[in-house]
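*Asks:* Here it is, the structure in full.
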Amino acid sequence: MSEKRPFTRPIASDWWAHPPYRAYTVRELSGVAVAVYGAVLFVGLVSLWRGPDSYGAFLRFLKSPVSILLNLVLLAAVLYHVVTWFQILPKTMPKLIVDGKQVPQARITTLVLRAVGFGAVCLVLLTIGFAR
Amino acid sequence: MPDAALAEKTIELKILRYRPASDAEPAFGSFTVPYTDDMSVLQGLQTIKDTLDGTLSFRWSCRMAVCGSCGMMINGTPRLACNTFLRNLLPGPVTIEPLNNFPIERDLVVSVGDFVKKIESIYPYIIPREPKTIEEGPYLQTPAQLAAYESFSDCINCMLCYAACPQFGENPDFIGPGAMALLQRYNGDSRDGGRLKRIDAISGDNGVWSCTAVGICSDVCPKNVDPANAVNQNKTNSAFDFFLRFLRKEDAQ
């Protein structure tokens, strides 16, 4: 007689809260910061459309301590999201072969992050230049 | 195997036992084994089976990370018992469980039937792009064309990636990292022309879109196959195929 009686252990419902999965969870949650950042910009656009009074109120909100703290937190979260996003980038593309050899994934991440960082700094400098 | 009888040091192994004929559910059993610095966890298990409890069940074959039989959860991480050394797990106790996300057959032995079916479903062989006769000579390939899929051909079907994948844990029908690595081994081969046969395995309900890029599958892989790369580059392929499927001349099979 067969003794076969496979036992299925359920996956822990809080798997996402523990290492090594915690880093993944934080990475995905940092995406919410990107959305909130976008929402703040969108509110600014709407207030600009509604007129000078509304836009002035939006600017006053931006200068408030609460807003500055919020923006610092959002900036940190968005930067984390950007870095981790480009860490995954090599996983989402075919292997990059140069001279018959695979380019290491860390090298791709480093190069792209440098390019993105350079682009971001240029954009900030351009914006400051236009604002003057 | 090293002469465990000569060893002076001992280490405690806590092993999740399950004997379907007598146990309602798995429970931990504790064994204290003598060890030497060159002993693997697998050799620890063999020592238990030889000297302490002959009923302990586990799979193994090659003892050198080639056959992929001895995958198990060691201190909560999916690892091959043969290339995990007891000296690195001091002072213990070492927790040993069957691979996560798989039904337990007995002790450390899990059911592999569903995984084998997935492997079969992806046409795991070269379907020549242009069939040749022997007289026409071999199928040639450049080193760059080889490098495009080579890591994926290193898979030893040990299923550690499945034990590391929470999405497979949530949905056992998910094709999973290992089968997708093998699929990419053939799809990425310049000699192969079977892409359309394999597109359903990629784009279907239990295909690559069940993956959320957790990425631990690649971290635990003992052969650096990088299954996460295989799964995630096929998301791009799946998206391309969705938009460009009207342009192709043949139907998916």
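Each chain of the structure tokens is named A, B, ... in the order shown, its residues numbered from 1; ligands are numbered from 1 in display order.
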Quick check: residues of chain A within 6 Å of chain B, only C-alpha atoms, returned as a list in words.
*Replies:*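 My answer is Glu3, Arg5, Pro6, Phe7, Thr8, Ile11, Tyr24, Lys91, Thr92, Met93, Pro94, Lys95 and Gly100 of chain A.
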*Asks:* I want to know what sits within 8 Å of Ala33 of chain A, based on only C-alpha atoms, with residues of the same chain fewer than 5 positions away left out; could you give that as a list in words?
*Replies:*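 With the cut-off at 8 Å, the set is Leu74, Ala77 and Val78 of chain A.
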*Asks:* Please produce a file of those selected residues containing all heavy atoms, as a short mmCIF file (atom, residue, chain, number, x, y, z; two decimals), in the first residue's frame.
*Replies:*
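Result file follows (again.cif):
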```cif
data_model
loop_
_atom_site.label_atom_id
_atom_site.label_comp_id
_atom_site.auth_asym_id
_atom_site.auth_seq_id
_atom_site.Cartn_x
_atom_site.Cartn_y
_atom_site.Cartn_z
N LEU A 74 10.61 62.55 0.37
CA LEU A 74 10.27 62.07 -0.97
C LEU A 74 11.51 61.97 -1.84
O LEU A 74 11.68 61.00 -2.59
CB LEU A 74 9.25 63.01 -1.64
CG LEU A 74 7.83 62.95 -1.09
CD1 LEU A 74 6.94 63.92 -1.85
CD2 LEU A 74 7.26 61.54 -1.19
N ALA A 77 13.47 58.90 -0.99
CA ALA A 77 12.77 57.69 -1.47
C ALA A 77 12.88 57.58 -2.98
O ALA A 77 13.09 56.48 -3.52
CB ALA A 77 11.31 57.70 -1.02
N VAL A 78 12.74 58.70 -3.68
CA VAL A 78 12.81 58.66 -5.15
C VAL A 78 14.22 58.30 -5.61
O VAL A 78 14.38 57.50 -6.54
CB VAL A 78 12.36 60.01 -5.75
CG1 VAL A 78 12.70 60.08 -7.23
CG2 VAL A 78 10.87 60.22 -5.55
#
```
*Asks:* Just the residues within 12 Å of segment 55-62 of chain A, please, counting only C-alpha atoms, with nothing from its chain fewer than 3 positions along; format it as a PyMOL selection string.
*Replies:* chain A and resi 40-52+65-72
*Asks:* Could you save those same residues with N, CA and C atoms as an mmCIF file, in the first residue's frame?
*Replies:*
```
data_model
loop_
_atom_site.group_PDB
_atom_site.id
_atom_site.type_symbol
_atom_site.label_atom_id
_atom_site.label_comp_id
_atom_site.auth_asym_id
_atom_site.auth_seq_id
_atom_site.Cartn_x
_atom_site.Cartn_y
_atom_site.Cartn_z
ATOM 1 N N VAL A 40 2.265 66.107 -6.226
ATOM 2 C CA VAL A 40 2.611 67.468 -5.784
ATOM 3 C C VAL A 40 2.784 68.378 -7.004
ATOM 4 N N LEU A 41 3.511 67.897 -8.004
ATOM 5 C CA LEU A 41 3.701 68.672 -9.237
ATOM 6 C C LEU A 41 2.363 68.966 -9.910
ATOM 7 N N PHE A 42 1.490 67.960 -9.907
ATOM 8 C CA PHE A 42 0.186 68.099 -10.560
ATOM 9 C C PHE A 42 -0.656 69.156 -9.859
ATOM 10 N N VAL A 43 -0.620 69.125 -8.509
ATOM 11 C CA VAL A 43 -1.347 70.140 -7.736
ATOM 12 C C VAL A 43 -0.813 71.529 -8.087
ATOM 13 N N GLY A 44 0.518 71.653 -8.242
ATOM 14 C CA GLY A 44 1.116 72.926 -8.639
ATOM 15 C C GLY A 44 0.595 73.396 -9.982
ATOM 16 N N LEU A 45 0.510 72.466 -10.930
ATOM 17 C CA LEU A 45 0.002 72.801 -12.270
ATOM 18 C C LEU A 45 -1.438 73.294 -12.199
ATOM 19 N N VAL A 46 -2.257 72.574 -11.432
ATOM 20 C CA VAL A 46 -3.669 72.949 -11.307
ATOM 21 C C VAL A 46 -3.794 74.334 -10.678
ATOM 22 N N SER A 47 -2.971 74.587 -9.643
ATOM 23 C CA SER A 47 -3.064 75.893 -8.979
ATOM 24 C C SER A 47 -2.588 77.009 -9.914
ATOM 25 N N LEU A 48 -1.633 76.704 -10.784
ATOM 26 C CA LEU A 48 -1.167 77.682 -11.776
ATOM 27 C C LEU A 48 -2.297 78.020 -12.744
ATOM 28 N N TRP A 49 -3.047 76.992 -13.098
ATOM 29 C CA TRP A 49 -4.160 77.160 -14.038
ATOM 30 C C TRP A 49 -5.292 77.974 -13.393
ATOM 31 N N ARG A 50 -5.448 77.842 -12.053
ATOM 32 C CA ARG A 50 -6.564 78.506 -11.373
ATOM 33 C C ARG A 50 -6.286 79.970 -11.099
ATOM 34 N N GLY A 51 -5.038 80.416 -11.238
ATOM 35 C CA GLY A 51 -4.768 81.846 -11.102
ATOM 36 C C GLY A 51 -3.685 82.169 -10.085
ATOM 37 N N PRO A 52 -3.268 83.439 -10.049
ATOM 38 C CA PRO A 52 -2.142 83.888 -9.212
ATOM 39 C C PRO A 52 -2.343 83.604 -7.727
ATOM 40 N N PRO A 65 7.667 74.433 6.580
ATOM 41 C CA PRO A 65 8.536 73.363 7.107
ATOM 42 C C PRO A 65 7.993 71.967 6.809
ATOM 43 N N VAL A 66 6.670 71.805 6.907
ATOM 44 C CA VAL A 66 6.062 70.491 6.640
ATOM 45 C C VAL A 66 6.387 70.051 5.216
ATOM 46 N N SER A 67 6.239 70.999 4.270
ATOM 47 C CA SER A 67 6.488 70.670 2.871
ATOM 48 C C SER A 67 7.963 70.353 2.629
ATOM 49 N N ILE A 68 8.850 71.142 3.269
ATOM 50 C CA ILE A 68 10.288 70.896 3.070
ATOM 51 C C ILE A 68 10.668 69.520 3.604
ATOM 52 N N LEU A 69 10.124 69.173 4.778
ATOM 53 C CA LEU A 69 10.388 67.850 5.344
ATOM 54 C C LEU A 69 9.847 66.756 4.425
ATOM 55 N N LEU A 70 8.607 66.961 3.941
ATOM 56 C CA LEU A 70 7.981 65.995 3.034
ATOM 57 C C LEU A 70 8.838 65.805 1.783
ATOM 58 N N ASN A 71 9.321 66.952 1.231
ATOM 59 C CA ASN A 71 10.113 66.865 0.001
ATOM 60 C C ASN A 71 11.450 66.166 0.215
ATOM 61 N N LEU A 72 12.057 66.396 1.393
ATOM 62 C CA LEU A 72 13.320 65.713 1.683
ATOM 63 C C LEU A 72 13.108 64.199 1.749
#
```
*Asks:* Please identify all polymer residues within 10 Å of segment 116-128 of chain A, counting only C-alpha atoms, omitting same-chain residues fewer than 5 positions from it, and present them as a list of chain:residue names.
*Replies:*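 Using only C-alpha atoms, the neighbours found are A:Val82, A:Phe86, A:Thr110, A:Leu111.
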*Asks:* Output N, CA and C atoms of each residue in that selection to a file, as a PDB file, in the first residue's frame.
*Replies:*
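As a result, part30.pdb now contains:
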```pdb
ATOM      1  N   VAL A  82      15.252  55.234  -7.917  1.00  0.00           N
ATOM      2  CA  VAL A  82      16.021  55.369  -9.160  1.00  0.00           C
ATOM      3  C   VAL A  82      17.188  54.385  -9.176  1.00  0.00           C
ATOM      4  N   PHE A  86      17.566  51.039 -11.688  1.00  0.00           N
ATOM      5  CA  PHE A  86      18.644  50.774 -12.647  1.00  0.00           C
ATOM      6  C   PHE A  86      19.457  49.541 -12.266  1.00  0.00           C
ATOM      7  N   THR A 110      26.156  50.859 -13.440  1.00  0.00           N
ATOM      8  CA  THR A 110      27.020  52.006 -13.148  1.00  0.00           C
ATOM      9  C   THR A 110      26.996  53.013 -14.299  1.00  0.00           C
ATOM     10  N   LEU A 111      27.156  52.520 -15.528  1.00  0.00           N
ATOM     11  CA  LEU A 111      27.196  53.418 -16.688  1.00  0.00           C
ATOM     12  C   LEU A 111      25.891  54.183 -16.840  1.00  0.00           C
TER      13      LEU A 111
END
```
*Asks:* Just want the 12 Å neighbourhood of Lys197 of chain B, counted on only C-alpha atoms, with same-chain residues fewer than 2 positions away dropped. Output as a PyMOL selection string.
*Replies:* chain B and resi 121-127+183+186-187+192-195+199-203+250-253
*Asks:* Any chance you could list, as a ChimeraX atom specification, the residues in segment 86-242 of chain B that come up alpha helix (DSSP H) when DSSP is run on the backbone?
*Replies:* /B:113-121,143-147,160-164,166-170,176-187,195-203,216-220,227-242
